[in-house]
Each structure stands twice: as C-alpha cells, then as structure tokens.
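Structure file model.pdb; described as PDB, C-alpha atoms and all ligand atoms.
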```
MODEL        1
ATOM      1  CA  MET R  28     -20.724  22.420 -32.511
ATOM      2  CA  VAL R  29     -18.107  21.754 -29.857
ATOM      3  CA  ARG R  30     -19.690  21.200 -26.420
ATOM      4  CA  PRO R  31     -18.996  23.969 -23.895
ATOM      5  CA  PHE R  32     -16.828  21.880 -21.540
ATOM      6  CA  ALA R  33     -14.373  21.185 -24.375
ATOM      7  CA  ARG R  34     -14.640  24.719 -25.788
ATOM      8  CA  HIS R  35     -13.799  26.257 -22.404
ATOM      9  CA  TYR R  36     -11.384  23.518 -21.255
ATOM     10  CA  ASP R  37      -8.262  25.683 -21.611
ATOM     11  CA  ALA R  38      -9.862  28.474 -19.581
ATOM     12  CA  ILE R  39     -11.112  26.047 -16.920
ATOM     13  CA  TYR R  40      -7.585  24.600 -16.582
ATOM     14  CA  SER R  41      -5.737  27.884 -17.191
ATOM     15  CA  ASP R  42      -3.789  27.404 -13.949
ATOM     16  CA  LYS R  43      -2.629  23.868 -14.771
ATOM     17  CA  ASP R  44       1.169  23.645 -14.935
ATOM     18  CA  TYR R  45       1.755  21.880 -18.251
ATOM     19  CA  ASP R  46       5.475  22.785 -18.306
ATOM     20  CA  SER R  47       5.966  21.031 -15.004
ATOM     21  CA  ASP R  48       4.444  17.816 -16.416
ATOM     22  CA  ILE R  49       6.786  17.955 -19.399
ATOM     23  CA  GLY R  50       9.677  18.560 -16.970
ATOM     24  CA  VAL R  51       8.758  15.413 -15.024
ATOM     25  CA  LEU R  52       8.519  13.448 -18.258
ATOM     26  CA  SER R  53      11.984  14.661 -19.306
ATOM     27  CA  THR R  54      13.357  13.565 -15.940
ATOM     28  CA  LEU R  55      11.722  10.152 -16.076
ATOM     29  CA  CYS R  56      12.637   9.317 -19.659
ATOM     30  CA  GLY R  57      16.068  10.991 -19.861
ATOM     31  CA  SER R  58      15.820  14.383 -21.611
ATOM     32  CA  LYS R  59      18.743  13.742 -23.987
ATOM     33  CA  GLU R  60      16.816  10.895 -25.534
ATOM     34  CA  LEU R  61      13.574  12.831 -25.973
ATOM     35  CA  CYS R  62      14.913  14.930 -28.852
ATOM     36  CA  THR R  63      15.790  11.822 -30.858
ATOM     37  CA  SER R  64      12.643   9.909 -29.956
ATOM     38  CA  ARG R  65       9.433   8.943 -31.690
ATOM     39  CA  VAL R  66       6.825   9.467 -29.007
ATOM     40  CA  LEU R  67       3.206   8.343 -28.720
ATOM     41  CA  GLU R  68       0.834  10.496 -26.647
ATOM     42  CA  ILE R  69      -2.505   9.093 -25.545
ATOM     43  CA  GLY R  70      -5.254  11.536 -24.557
ATOM     44  CA  ALA R  71      -4.182  14.825 -26.166
ATOM     45  CA  GLY R  72      -7.208  16.793 -24.914
ATOM     46  CA  THR R  73      -6.804  20.287 -26.403
ATOM     47  CA  ALA R  74      -3.113  19.536 -27.148
ATOM     48  CA  SER R  75      -1.539  21.646 -24.399
ATOM     49  CA  HIS R  76       0.923  18.854 -23.553
ATOM     50  CA  THR R  77       1.165  17.940 -27.247
ATOM     51  CA  VAL R  78       2.579  21.280 -28.426
ATOM     52  CA  ARG R  79       5.122  21.327 -25.586
ATOM     53  CA  LEU R  80       6.150  17.738 -26.252
ATOM     54  CA  ALA R  81       6.438  18.466 -29.986
ATOM     55  CA  SER R  82       9.136  21.049 -29.239
ATOM     56  CA  ARG R  83      11.212  18.389 -27.502
ATOM     57  CA  ALA R  84      10.569  15.126 -29.336
ATOM     58  CA  LYS R  85      11.747  14.219 -32.825
ATOM     59  CA  GLU R  86       8.360  12.913 -33.877
ATOM     60  CA  LEU R  87       5.034  12.741 -32.061
ATOM     61  CA  VAL R  88       1.835  10.831 -32.722
ATOM     62  CA  SER R  89      -1.031  12.014 -30.460
ATOM     63  CA  LEU R  90      -4.319  10.225 -29.993
ATOM     64  CA  GLU R  91      -7.565  11.797 -28.798
ATOM     65  CA  ILE R  92     -10.755   9.733 -29.067
ATOM     66  CA  ASP R  93     -13.182  12.503 -28.074
ATOM     67  CA  LEU R  94     -14.061  14.236 -31.348
ATOM     68  CA  ASP R  95     -14.649  17.663 -29.769
ATOM     69  CA  PHE R  96     -11.241  17.599 -28.107
ATOM     70  CA  ALA R  97      -9.611  16.130 -31.240
ATOM     71  CA  MET R  98     -10.875  19.086 -33.268
ATOM     72  CA  LEU R  99      -9.556  21.618 -30.741
ATOM     73  CA  ALA R 100      -6.234  19.760 -30.578
ATOM     74  CA  ARG R 101      -5.880  19.925 -34.354
ATOM     75  CA  ARG R 102      -6.533  23.678 -34.276
ATOM     76  CA  LYS R 103      -3.886  24.268 -31.605
ATOM     77  CA  VAL R 104      -1.267  22.129 -33.336
ATOM     78  CA  GLU R 105      -1.898  23.892 -36.657
ATOM     79  CA  ALA R 106      -1.686  27.309 -34.976
ATOM     80  CA  THR R 107       1.679  26.447 -33.454
ATOM     81  CA  ALA R 108       2.994  25.059 -36.784
ATOM     82  CA  HIS R 109       4.594  21.923 -35.392
ATOM     83  CA  ALA R 110       5.309  19.803 -38.463
ATOM     84  CA  ASN R 111       6.476  16.779 -36.452
ATOM     85  CA  VAL R 112       3.037  16.037 -34.919
ATOM     86  CA  GLN R 113       0.457  13.669 -36.289
ATOM     87  CA  LEU R 114      -2.947  13.731 -34.578
ATOM     88  CA  SER R 115      -5.436  10.892 -34.733
ATOM     89  CA  SER R 116      -8.833  10.259 -33.191
ATOM     90  CA  ARG R 117      -8.517   6.488 -33.689
ATOM     91  CA  PRO R 118      -8.402   4.261 -30.648
ATOM     92  CA  LEU R 119      -4.980   2.860 -29.842
ATOM     93  CA  ASP R 120      -5.733  -0.663 -31.073
ATOM     94  CA  GLN R 121      -6.473   0.745 -34.545
ATOM     95  CA  LEU R 122      -3.292   2.789 -34.787
ATOM     96  CA  VAL R 123      -1.222   1.550 -37.723
ATOM     97  CA  ASP R 124       2.020   3.194 -36.500
ATOM     98  CA  GLY R 125       4.408   1.385 -34.211
ATOM     99  CA  GLY R 126       8.085   1.377 -33.233
ATOM    100  CA  PHE R 127       7.740   4.190 -30.660
ATOM    101  CA  ASP R 128      10.641   4.932 -28.307
ATOM    102  CA  GLY R 129       8.276   6.100 -25.589
ATOM    103  CA  ALA R 130       4.661   6.829 -24.705
ATOM    104  CA  ALA R 131       3.024   9.386 -22.426
ATOM    105  CA  ALA R 132      -0.512   9.864 -21.118
ATOM    106  CA  PHE R 133      -1.027  12.989 -19.002
ATOM    107  CA  PHE R 134      -3.774  13.926 -16.529
ATOM    108  CA  HIS R 135      -5.130  10.531 -15.434
ATOM    109  CA  VAL R 136      -5.964   9.194 -18.903
ATOM    110  CA  LEU R 137      -5.545   5.610 -17.598
ATOM    111  CA  ASN R 138      -8.452   6.247 -15.212
ATOM    112  CA  TYR R 139     -10.715   6.678 -18.261
ATOM    113  CA  ILE R 140     -10.151   3.022 -19.217
ATOM    114  CA  ALA R 141     -12.797   0.551 -17.974
ATOM    115  CA  PRO R 142     -11.470  -2.585 -16.220
ATOM    116  CA  VAL R 143     -12.747  -4.841 -19.014
ATOM    117  CA  ASP R 144     -10.418  -2.968 -21.415
ATOM    118  CA  HIS R 145      -7.319  -2.723 -19.179
ATOM    119  CA  SER R 146      -5.475  -5.725 -20.615
ATOM    120  CA  SER R 147      -6.254  -5.052 -24.254
ATOM    121  CA  PHE R 148      -5.283  -1.373 -23.877
ATOM    122  CA  LEU R 149      -1.912  -2.162 -22.283
ATOM    123  CA  LYS R 150      -1.201  -4.911 -24.820
ATOM    124  CA  ALA R 151      -2.059  -2.547 -27.696
ATOM    125  CA  LEU R 152       0.343  -0.014 -26.162
ATOM    126  CA  SER R 153       3.127  -2.516 -25.546
ATOM    127  CA  SER R 154       2.964  -3.861 -29.083
ATOM    128  CA  ARG R 155       3.583  -0.366 -30.476
ATOM    129  CA  LEU R 156       6.725   0.274 -28.419
ATOM    130  CA  VAL R 157      10.295  -0.832 -29.125
ATOM    131  CA  PRO R 158      12.064  -2.938 -26.453
ATOM    132  CA  GLY R 159      13.435  -0.600 -23.783
ATOM    133  CA  ALA R 160      10.811   2.096 -24.509
ATOM    134  CA  TRP R 161       9.344   4.037 -21.571
ATOM    135  CA  PHE R 162       5.714   4.624 -20.697
ATOM    136  CA  VAL R 163       5.186   7.622 -18.386
ATOM    137  CA  THR R 164       1.806   8.597 -17.018
ATOM    138  CA  ASP R 165       0.109  10.225 -14.033
ATOM    139  CA  LEU R 166      -2.961   8.623 -12.529
ATOM    140  CA  TRP R 167      -5.137   8.343  -9.472
ATOM    141  CA  ASN R 168      -3.972   5.701  -7.029
ATOM    142  CA  GLY R 169      -7.164   3.656  -6.706
ATOM    143  CA  ASP R 170      -6.378   2.331  -3.231
ATOM    144  CA  ALA R 171      -5.673   5.763  -1.738
ATOM    145  CA  VAL R 172      -8.657   7.347  -3.514
ATOM    146  CA  LEU R 173     -11.106   4.788  -2.125
ATOM    147  CA  ARG R 174      -9.609   5.146   1.387
ATOM    148  CA  ASP R 175      -9.969   8.922   1.231
ATOM    149  CA  PRO R 176     -12.613   9.638  -1.454
ATOM    150  CA  PRO R 177     -12.920  13.051  -3.100
ATOM    151  CA  ARG R 178     -15.411  15.469  -1.539
ATOM    152  CA  GLY R 179     -17.700  17.917  -3.261
ATOM    153  CA  GLU R 180     -16.164  21.335  -3.806
ATOM    154  CA  ILE R 181     -16.661  24.694  -5.454
ATOM    155  CA  ARG R 182     -13.753  26.213  -7.352
ATOM    156  CA  ASP R 183     -13.760  29.884  -8.311
ATOM    157  CA  LYS R 184     -11.388  31.417 -10.792
ATOM    158  CA  THR R 185     -11.112  34.926 -12.234
ATOM    159  CA  PHE R 186      -8.703  36.239 -14.819
ATOM    160  CA  GLY R 187      -9.158  39.327 -17.023
ATOM    161  CA  THR R 188     -12.889  39.586 -17.774
ATOM    162  CA  THR R 189     -13.447  35.833 -17.273
ATOM    163  CA  THR R 190     -15.014  34.373 -14.147
ATOM    164  CA  ILE R 191     -15.477  30.619 -13.781
ATOM    165  CA  GLN R 192     -17.254  28.802 -11.007
ATOM    166  CA  GLN R 193     -17.097  24.998 -10.987
ATOM    167  CA  LYS R 194     -19.258  22.957  -8.669
ATOM    168  CA  ILE R 195     -17.806  19.441  -8.567
ATOM    169  CA  THR R 196     -19.910  16.618  -7.124
ATOM    170  CA  PRO R 197     -18.208  13.232  -6.868
ATOM    171  CA  THR R 198     -20.182   9.985  -6.622
ATOM    172  CA  VAL R 199     -18.093   7.070  -5.410
ATOM    173  CA  ASP R 200     -18.970   3.429  -6.075
ATOM    174  CA  ALA R 201     -16.439   1.447  -4.050
ATOM    175  CA  ILE R 202     -17.631  -1.931  -5.383
ATOM    176  CA  ALA R 203     -17.407  -0.960  -9.047
ATOM    177  CA  ARG R 204     -14.283   1.101  -8.201
ATOM    178  CA  THR R 205     -15.560   4.185 -10.003
ATOM    179  CA  VAL R 206     -15.662   7.876  -9.171
ATOM    180  CA  THR R 207     -18.115   9.871 -11.251
ATOM    181  CA  LEU R 208     -17.392  13.580 -11.213
ATOM    182  CA  GLY R 209     -20.373  15.806 -11.933
ATOM    183  CA  TYR R 210     -19.311  19.277 -13.068
ATOM    184  CA  GLU R 211     -21.731  22.204 -13.078
ATOM    185  CA  ILE R 212     -20.011  25.216 -14.550
ATOM    186  CA  ASP R 213     -20.947  28.873 -14.581
ATOM    187  CA  PHE R 214     -18.766  30.609 -17.179
ATOM    188  CA  ARG R 215     -18.845  34.384 -17.524
ATOM    189  CA  GLN R 216     -16.842  36.318 -20.073
ATOM    190  CA  GLY R 217     -17.218  39.973 -21.006
ATOM    191  CA  GLY R 218     -20.960  40.118 -20.181
ATOM    192  CA  ASN R 219     -21.813  36.635 -21.614
ATOM    193  CA  ILE R 220     -23.020  33.935 -19.238
ATOM    194  CA  GLU R 221     -22.984  30.218 -20.058
ATOM    195  CA  ARG R 222     -24.046  27.464 -17.680
ATOM    196  CA  PHE R 223     -23.302  23.882 -18.583
ATOM    197  CA  ALA R 224     -22.695  20.457 -17.100
ATOM    198  CA  GLU R 225     -20.330  17.559 -17.828
ATOM    199  CA  GLU R 226     -19.980  14.138 -16.248
ATOM    200  CA  LEU R 227     -16.717  12.234 -16.092
ATOM    201  CA  LYS R 228     -16.512   8.607 -14.986
ATOM    202  CA  LEU R 229     -13.114   7.545 -13.680
ATOM    203  CA  TYR R 230     -12.052   3.971 -12.920
ATOM    204  CA  VAL R 231      -9.750   3.725  -9.929
ATOM    205  CA  TRP R 232      -7.343   0.831 -10.517
ATOM    206  CA  PRO R 233      -5.754  -0.926  -7.549
ATOM    207  CA  LEU R 234      -2.013  -0.500  -8.116
ATOM    208  CA  SER R 235      -1.402  -4.244  -7.645
ATOM    209  CA  ASP R 236      -3.844  -4.910 -10.499
ATOM    210  CA  LEU R 237      -2.183  -2.273 -12.684
ATOM    211  CA  GLN R 238       1.242  -3.817 -12.027
ATOM    212  CA  ALA R 239      -0.041  -7.311 -12.886
ATOM    213  CA  ARG R 240      -1.648  -6.117 -16.134
ATOM    214  CA  LEU R 241       1.452  -4.157 -17.118
ATOM    215  CA  ALA R 242       3.653  -7.221 -16.521
ATOM    216  CA  GLU R 243       1.282  -9.418 -18.562
ATOM    217  CA  ALA R 244       1.445  -6.865 -21.385
ATOM    218  CA  GLY R 245       5.257  -6.978 -21.453
ATOM    219  CA  PHE R 246       6.297  -4.101 -19.160
ATOM    220  CA  THR R 247       8.939  -4.308 -16.458
ATOM    221  CA  ASP R 248      10.697  -1.991 -13.960
ATOM    222  CA  ILE R 249       7.400  -0.377 -12.881
ATOM    223  CA  GLN R 250       7.946   2.561 -10.509
ATOM    224  CA  PHE R 251       5.643   5.083  -8.817
ATOM    225  CA  TRP R 252       6.281   8.596  -7.491
ATOM    226  CA  ASP R 253       4.100  10.961  -5.483
ATOM    227  CA  TRP R 254       2.625  13.477  -7.949
ATOM    228  CA  ARG R 255       2.594  16.457  -5.557
ATOM    229  CA  ARG R 256       6.004  15.784  -4.037
ATOM    230  CA  PHE R 257       7.843  14.462  -7.123
ATOM    231  CA  PRO R 258      10.583  13.053  -7.048
ATOM    232  CA  ALA R 259       9.546  11.593  -3.675
ATOM    233  CA  PRO R 260       8.476   7.957  -4.085
ATOM    234  CA  ALA R 261       4.759   7.186  -3.862
ATOM    235  CA  THR R 262       3.413   5.991  -0.521
ATOM    236  CA  PRO R 263       0.185   3.979  -0.020
ATOM    237  CA  ASP R 264      -1.522   7.329   0.740
ATOM    238  CA  SER R 265      -0.305   9.153  -2.370
ATOM    239  CA  TRP R 266      -3.577  10.082  -4.000
ATOM    240  CA  ARG R 267      -2.160  11.037  -7.352
ATOM    241  CA  ILE R 268       1.009   9.425  -8.699
ATOM    242  CA  TRP R 269       3.486   9.381 -11.551
ATOM    243  CA  MET R 270       4.327   5.999 -13.029
ATOM    244  CA  ARG R 271       7.063   4.818 -15.349
ATOM    245  CA  ALA R 272       7.186   1.345 -16.861
ATOM    246  CA  ILE R 273       9.712  -0.007 -19.347
ATOM    247  CA  ARG R 274       8.825  -2.197 -22.331
ATOM    248  CA  ARG R 275      10.756  -5.499 -22.046
TER     249      ARG R 275
HETATM  250  C1  LIG R 301      -8.136  14.816 -18.494
HETATM  251  S1  LIG R 301      -7.995  14.896 -20.234
HETATM  252  C2  LIG R 301      -6.293  15.338 -20.399
HETATM  253  C3  LIG R 301      -6.010  16.040 -21.692
HETATM  254  C4  LIG R 301      -4.638  16.678 -21.760
HETATM  255  N1  LIG R 301      -3.585  15.702 -21.622
HETATM  256  C5  LIG R 301      -4.527  17.741 -20.688
HETATM  257  O1  LIG R 301      -3.937  17.448 -19.638
HETATM  258  O2  LIG R 301      -5.049  18.843 -20.873
HETATM  259  C6  LIG R 301      -7.937  13.202 -20.740
HETATM  260  C7  LIG R 301      -8.168  13.037 -22.229
HETATM  261  O3  LIG R 301      -7.869  11.683 -22.589
HETATM  262  C8  LIG R 301      -8.784  11.282 -23.596
HETATM  263  N2  LIG R 301      -8.803   9.820 -23.615
HETATM  264  C9  LIG R 301      -9.293   9.002 -22.674
HETATM  265  N3  LIG R 301      -9.107   7.719 -23.028
HETATM  266  C10 LIG R 301      -8.475   7.734 -24.222
HETATM  267  C11 LIG R 301      -8.007   6.710 -25.105
HETATM  268  N4  LIG R 301      -8.187   5.417 -24.822
HETATM  269  N5  LIG R 301      -7.391   7.063 -26.245
HETATM  270  C12 LIG R 301      -7.222   8.386 -26.549
HETATM  271  N6  LIG R 301      -7.667   9.399 -25.764
HETATM  272  C13 LIG R 301      -8.270   9.078 -24.609
HETATM  273  C14 LIG R 301     -10.093  11.936 -23.165
HETATM  274  O4  LIG R 301     -10.999  12.045 -24.225
HETATM  275  C15 LIG R 301      -9.617  13.294 -22.638
HETATM  276  O5  LIG R 301      -9.636  14.268 -23.630
ENDMDL
END
```
Can you present the structure in this file as structure tokens?
Ligand SMILES: C[S@@+](CC[C@H](N)C(=O)[O-])C[C@H]1O[C@@H](n2cnc3c(N)ncnc32)[C@H](O)[C@@H]1O
Amino acid sequence: MVRPFARHYDAIYSDKDYDSDIGVLSTLCGSKELCTSRVLEIGAGTASHTVRLASRAKELVSLEIDLDFAMLARRKVEATAHANVQLSSRPLDQLVDGGFDGAAAFFHVLNYIAPVDHSSFLKALSSRLVPGAWFVTDLWNGDAVLRDPPRGEIRDKTFGTTTIQQKITPTVDAIARTVTLGYEIDFRQGGNIERFAEELKLYVWPLSDLQARLAEAGFTDIQFWDWRRFPAPATPDSWRIWMRAIRR
C-alpha cells in the first residue's frame, strides 16, 4: 500500500512548474544536444520530470530509491508509453549502466544526501558520465538557508473538488546542518477526508564544500544561478539555486 504522501504527491504539487525546470535544463545543457543524449535522472519521484525529459532525450535512465515513489513513477511512465525510459530503484553506486552524456536531479535531491555520503555519491555519478558531460541540479544553498531559516507555514490549495491544507513545521539544526520538515496534511476529495503526516530531513551543504567535493569527484566549470530569477547568477543570499558542473 503506497503511503498517502506519495499517493497524493502529484495533487500536493499540482502547481509546480515542471515545464519550466525542463526549460532551464535545456538552456543549461544546450537543447540541440539533449535529443541525441543518453541522460541519467536521479530522484524521479512520481516521474513528472521523467516523462517530460523522455520526450526530449534520446535515452533516459531514471533512479528512484523510495519504493512507493518508484512504483508510481513506473505507472506514469507506462501510461505515457515512453519506450526510451528505463526506471530503477537501485542506488546510484549499484547502477550497471554508464557512459551518460548528462545527468539531472530536480527538486533538491542533493539535499537528501547525508554528508557522510557526499563524496561517494558524487564519485559514483562522475564515473557514470562521459568526459564533457553535464550535471544539472537545483538545490538549497546551505549558507543562505542557515542565515535565513525556513519558518513554519500553512499552505492551502483548492482545485475541482480537492482541497489540500499543508502545515509545514521546520526544525533547524545549525550544527548538524539539517532542516527537518514536518508535514501535516489534510486532504479532502469529493467527500473523503484523509489526514496524514510525513517527515523529510534535508542536509544543507555549504556551497564551498559542494564545490570541493565536486572537484574531487572529477567535475569542473561549476556554476550557480538564482533559482527564482534564472538566468541571474546566484548571490550569497540566493536560497534556492541551479547548478551546472561539467565532467572533466
Ligand atoms: C523532492 S522529490 C523530487 C521528485 C521529482 N523530481 C519531482 O520534482 O517531483 C526527491 C526525490 O528524490 C529521491 N531521492 C533522494 N535521494 C535519492 C538517491 N540517492 N537516488 C535516487 N533517488 C533519490 C527521493 O526519494 C524523492 O522521491
């Protein structure tokens, strides 16, 4: 049984602009190349980026380690009949495939990675990319987030017969550099009411540390942009950023 947060993920994020993310990716990697590229996606979630990317890339391998999300991703990919997508729930270091022309990880997937795993994750990624390959991702800028930590909030959303209220309670640990987001969700659809909770622990990397680990793993030409004001370059206060790094 898929847990409610995963089951209702697409409704909860129904206003997320997935096309815009794919547009930024096309800009950062050079859209002409995307259609001839083998691309690796890390963190497919319910595959909303995956199906859009599949329409543009020659071949796509998408990883999702959460089994609930992996199942939903498989369903969406099958429903959209993209034959060029291969989904896997294996962790990156167990992926047999390699030789990718580029890799993408959307919606702060890097912030899911614990500091103890940073180096091994980036090395596993680097070793699966061809020289000159791009890695594009969006993430929280750890320095800016700890300077101006997230506050609790309530988000309300209504569309059709669906009403969603999310109460989000962040707990910041500035020493461990983590932000734990507690979600309490009230989900109403056509007379049904579900209430459920989910907790998400994010690790907020200092950008200097990220740059050092990327360089150690074989990446160069590391650049950051402000996520909200793309293509404006990131500033020290940019809370959420786009990053592109090139495999040496
Ligand atoms: C915020 S969700 C984003 C999903 C999707 N890209 C979207 O925007 O809807 C991040 C996803 O990355 C997955 N994830 C985190 N670390 C991962 C890893 N090391 N390998 C594969 N998937 C990972 C999580 O399970 C989660 O489903």
* Asked: Given the choices R:Arg256, R:Arg155, R:Lys228, R:Arg182, which gets closest to Arg274 of chain R if the distance is worked out from all atoms listed in the file?
  ->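 Looking only at the distances to Arg274 of chain R, the closest residue turns out to be R:Arg155.
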* Any chance you could work out the residue set of the PyMOL selection byres (((chain R and resi 49-64) around 10) and not hetatm) here, as a count of residues only? -> 39
* Hits from the PyMOL selection byres (((not hetatm)) within 6 of (chain R and resi 301)), listed as a PyMOL selection string -> chain R and resi 69-73+75-76+90-93+96+118+133-134+136+139
* **Atom-to-atom span, atom CA of Gly187 of chain R and atom CA of Phe214 of chain R, Å** => 13.0 Å
* Asked: Just so the selection is clear, what residues does the PyMOL selection byres (((chain R and resi 39) around 10) and not hetatm) cover here, as an MDAnalysis selection string?
  -> chainID R and resid 32:38 40:43 182:184 190:193 212 214
* Select, counting all atoms listed in the file, all protein, DNA and RNA residues no farther than 7 Å from (-13.8, 13.0, -8.1) in file coordinates, and express the selection as a list in words. =>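 Applying the cut-off with all atoms listed in the file, one gets Pro177, Pro197, Val206, Thr207 and Leu208 of chain R.
Interatomic distance, atom CA of Ser265 of chain R to atom CA of Asp253 of chain R: 5.7 Å.
Atom pair atom CA of Leu99 of chain R / atom CA of Ala74 of chain R: separated by 7.7 Å.
Closest to Arg267 of chain R among R:Leu166, R:Ile195, R:Ala224, R:Ala203 is R:Leu166, based on only C-alpha atoms.
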* Asked: Which of these residues is nearest to Leu152 of chain R, using all atoms listed in the file: R:Ala97, R:Leu173, R:Leu122, R:Val78?
  ->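 Under the stated criterion, the closest residue is R:Leu122.
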Please, what is the axis-aligned box for every listed atom of segment 96-101 of chain R with 8 Å on each side, as centre and edge lengths in Å to one decimal, as AutoDock Vina command-line options?
```
--center_x -8.6 --center_y 18.9 --center_z -31.2 --size_x 21.4 --size_y 21.5 --size_z 22.2
```
